[in-house]
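Inspection log for the structure reproduced underneath, given as structure tokens.
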Amino acid sequence: MTQPLELRHSQVGPWPMNTYALFCPNTGQSVLFDPGADPDTLTEMLAGSRPIAILLTHTHGDHVGALEEMRQRLNVPIVAHANAQAKGFAIDQTLTDGDTFAVGDHALRVAYAPGHIDDQICFSIVGDHRVVVGDTIFAGGPGKTWSADGFRTTLQTLQSVVLPWPDDTVCYPGHGPHFRLGDIRAQVEAFVQKEHGEFFGDAEWGM
């Protein structure tokens, strides 16, 4: 019988930032998400597994601070959205919306989720309720934006990518606690329907 992927989690760096690892009990394969800092902590997270890749939800500095160190330690490919290459990152494999990535006996499905940054992607575990969302969405609001266009793109991402997920989806964000989408759905729907003008920056659902 195929056992579900085990999700491991550590908070690293000064902000702090959530880094995750997914481990397949059947095969021993694992992947590391967003190596932001503290390489020794990240290495310990992968103990007892066979890492096959480093996956990036996006390339903001707090999510990639230990990327080169972990690339050298693990000697595995770095996998990210194609837009990360345009920013000068040495990406070994690119992913785009709808792609899948195998982890042992399981697969992750990619959803392109721009707004906070143009190379952001979410990773849903196929046949599971868990999604690693990066800085796409938090329990209290969406990821920060730096222009009105970026904020409008975030609204589109919430409407077309996030809200179609089922209520029992559990989102694992880049900062703060994980949360069940159904518990905040009404707030997100109301937020998306409001007129926000030329707003951008840090946002909360109730604004």
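Letters A, B, ... mark the chains of the structure tokens in the order given; residue numbers begin at 1 per chain; ligand numbers begin at 1, in order shown.
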
Q) Any idea what's packed within 12 Å of Gly65 of chain A, counting only C-alpha atoms, ignoring anything in its chain fewer than 6 positions away? Could you give it as JSON, numbers by chain? A) {"A": [12, 13, 14, 17, 19, 34, 35, 36, 37, 38, 39, 42, 56, 58, 59, 71]}

Using DSSP secondary structure from the backbone, list all alpha helix (DSSP H) positions within segment 9-206 of chain A, as a PyMOL selection string. chain A and resi 39-45+61-64+67-74+83-86+148-157+181-193

Dump C-alpha atoms for the selected residues as a JSON list (two decimals), in the first residue's frame?
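What ended up in out.json:
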[["chain", "number", "residue", "atom", "x", "y", "z"],
["A", 39, "PRO", "CA", 21.98, 24.77, 5.88],
["A", 40, "ASP", "CA", 22.65, 22.48, 8.85],
["A", 41, "THR", "CA", 18.96, 22.60, 9.85],
["A", 42, "LEU", "CA", 17.93, 21.87, 6.27],
["A", 43, "THR", "CA", 20.32, 18.95, 6.04],
["A", 44, "GLU", "CA", 18.91, 17.51, 9.27],
["A", 45, "MET", "CA", 15.38, 17.77, 7.85],
["A", 61, "GLY", "CA", 16.08, 36.35, -1.11],
["A", 62, "ASP", "CA", 14.56, 34.98, 2.09],
["A", 63, "HIS", "CA", 13.63, 31.79, 0.21],
["A", 64, "VAL", "CA", 16.96, 31.16, -1.55],
["A", 67, "LEU", "CA", 20.42, 27.71, -2.21],
["A", 68, "GLU", "CA", 24.01, 27.45, -3.41],
["A", 69, "GLU", "CA", 25.19, 25.80, -0.19],
["A", 70, "MET", "CA", 22.42, 23.20, -0.39],
["A", 71, "ARG", "CA", 23.07, 22.64, -4.09],
["A", 72, "GLN", "CA", 26.66, 21.76, -3.23],
["A", 73, "ARG", "CA", 25.74, 19.60, -0.24],
["A", 74, "LEU", "CA", 23.00, 17.61, -1.96],
["A", 83, "ASN", "CA", 11.09, 33.14, -15.03],
["A", 84, "ALA", "CA", 13.68, 32.38, -12.35],
["A", 85, "GLN", "CA", 16.26, 31.89, -15.08],
["A", 86, "ALA", "CA", 15.71, 35.42, -16.34],
["A", 148, "ALA", "CA", -0.81, 48.14, -8.57],
["A", 149, "ASP", "CA", -0.35, 45.79, -11.53],
["A", 150, "GLY", "CA", 1.22, 43.21, -9.24],
["A", 151, "PHE", "CA", -1.73, 43.49, -6.86],
["A", 152, "ARG", "CA", -4.21, 43.07, -9.69],
["A", 153, "THR", "CA", -2.30, 39.98, -10.78],
["A", 154, "THR", "CA", -2.54, 38.65, -7.22],
["A", 155, "LEU", "CA", -6.32, 39.11, -7.31],
["A", 156, "GLN", "CA", -6.44, 37.14, -10.56],
["A", 157, "THR", "CA", -4.30, 34.38, -9.02],
["A", 181, "LEU", "CA", -8.65, 27.01, 2.81],
["A", 182, "GLY", "CA", -12.29, 26.45, 3.73],
["A", 183, "ASP", "CA", -11.76, 28.30, 7.00],
["A", 184, "ILE", "CA", -10.84, 31.53, 5.19],
["A", 185, "ARG", "CA", -12.71, 31.07, 1.89],
["A", 186, "ALA", "CA", -15.44, 33.61, 2.67],
["A", 187, "GLN", "CA", -12.83, 36.25, 3.55],
["A", 188, "VAL", "CA", -10.84, 35.60, 0.38],
["A", 189, "GLU", "CA", -13.95, 35.72, -1.81],
["A", 190, "ALA", "CA", -15.02, 39.01, -0.27],
["A", 191, "PHE", "CA", -11.51, 40.43, -0.69],
["A", 192, "VAL", "CA", -11.37, 39.50, -4.37],
["A", 193, "GLN", "CA", -14.78, 41.09, -5.05]]

Which residues are close to segment 166-179 of chain A, i.e. within 7 Å by only C-alpha atoms, leaving aside same-chain residues fewer than 4 positions away? Reply as a PDB file with N, CA and C atoms, in the first residue's frame.
ATOM      1  N   PRO A  16      10.909  34.734  10.445  1.00  0.00           N
ATOM      2  CA  PRO A  16      11.558  33.578   9.817  1.00  0.00           C
ATOM      3  C   PRO A  16      10.752  33.098   8.598  1.00  0.00           C
ATOM      4  N   MET A  17      11.348  32.159   7.868  1.00  0.00           N
ATOM      5  CA  MET A  17      10.737  31.610   6.654  1.00  0.00           C
ATOM      6  C   MET A  17      10.528  30.111   6.844  1.00  0.00           C
ATOM      7  N   ASN A  18       9.395  29.610   6.348  1.00  0.00           N
ATOM      8  CA  ASN A  18       9.101  28.184   6.429  1.00  0.00           C
ATOM      9  C   ASN A  18       9.767  27.445   5.276  1.00  0.00           C
ATOM     10  N   HIS A 129      -4.572  16.521   0.095  1.00  0.00           N
ATOM     11  CA  HIS A 129      -5.201  17.818   0.339  1.00  0.00           C
ATOM     12  C   HIS A 129      -4.181  18.906   0.653  1.00  0.00           C
ATOM     13  N   ARG A 130      -2.883  18.605   0.555  1.00  0.00           N
ATOM     14  CA  ARG A 130      -1.848  19.557   0.971  1.00  0.00           C
ATOM     15  C   ARG A 130      -1.215  20.263  -0.230  1.00  0.00           C
ATOM     16  N   VAL A 131      -0.975  21.575  -0.058  1.00  0.00           N
ATOM     17  CA  VAL A 131      -0.358  22.390  -1.100  1.00  0.00           C
ATOM     18  C   VAL A 131       0.718  23.276  -0.465  1.00  0.00           C
ATOM     19  N   VAL A 132       1.920  23.251  -1.031  1.00  0.00           N
ATOM     20  CA  VAL A 132       2.978  24.185  -0.638  1.00  0.00           C
ATOM     21  C   VAL A 132       2.800  25.432  -1.497  1.00  0.00           C
ATOM     22  N   VAL A 133       2.432  26.550  -0.858  1.00  0.00           N
ATOM     23  CA  VAL A 133       1.959  27.720  -1.605  1.00  0.00           C
ATOM     24  C   VAL A 133       2.960  28.866  -1.662  1.00  0.00           C
ATOM     25  N   GLY A 134       4.125  28.740  -1.030  1.00  0.00           N
ATOM     26  CA  GLY A 134       5.062  29.855  -1.028  1.00  0.00           C
ATOM     27  C   GLY A 134       4.437  31.083  -0.398  1.00  0.00           C
ATOM     28  N   ASP A 135       4.621  32.242  -1.047  1.00  0.00           N
ATOM     29  CA  ASP A 135       4.039  33.485  -0.527  1.00  0.00           C
ATOM     30  C   ASP A 135       2.798  33.902  -1.319  1.00  0.00           C
ATOM     31  N   ILE A 137      -0.362  32.995  -0.650  1.00  0.00           N
ATOM     32  CA  ILE A 137      -1.471  33.268   0.264  1.00  0.00           C
ATOM     33  C   ILE A 137      -1.067  32.856   1.670  1.00  0.00           C
ATOM     34  N   PHE A 138      -1.494  33.653   2.651  1.00  0.00           N
ATOM     35  CA  PHE A 138      -1.287  33.360   4.069  1.00  0.00           C
ATOM     36  C   PHE A 138      -2.652  33.311   4.753  1.00  0.00           C
ATOM     37  N   ALA A 139      -2.657  32.884   6.006  1.00  0.00           N
ATOM     38  CA  ALA A 139      -3.915  32.820   6.742  1.00  0.00           C
ATOM     39  C   ALA A 139      -4.582  34.186   6.821  1.00  0.00           C
TER      40      ALA A 139
END

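When atom CA of Asp128 of chain A is paired with atom CA of Pro4 of chain A, their separation reads 8.1 Å.
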
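Reported to one decimal place, the separation of atom CA of Arg180 of chain A from atom CA of His60 of chain A is 24.8 Å.
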
Expressed in Å, the length from atom CA of Arg50 of chain A to atom CA of Ala102 of chain A is 13.5 Å

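Using only C-alpha atoms, the protein and nucleic acid residues lying no more than 6 Å from segment 200-204 of chain A, apart from those fewer than 5 places from it along its own chain, are A:Gly140, A:Gly141, A:Lys144, A:Thr145, A:Trp146, A:Ser147, A:Ala148, A:Phe151.
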
- [ ] Identify, on the basis of only C-alpha atoms, every residue whose closest approach to Thr96 of chain A does not exceed 10 Å; exclude the query and any residue fewer than 6 positions from it along the same chain; express the result as a PyMOL selection string.
- [x] chain A and resi 80-83+109-112+119-121

One residue among A:Ala47, A:Met207, A:Ile125, A:Ile91 is nearest to Leu108 of chain A when using only C-alpha atoms, and that residue is A:Ile125

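The residue that comes closest to Phe33 of chain A, out of A:Gly104, A:Pro114, A:Pro51, A:Gly98 and on the basis of only C-alpha atoms, is A:Pro51.
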
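Closest approach to Ser160 of chain A from the set A:Ile78, A:Ala113, A:Phe23, A:Leu46 is made by A:Ala113, with distances taken over only C-alpha atoms.
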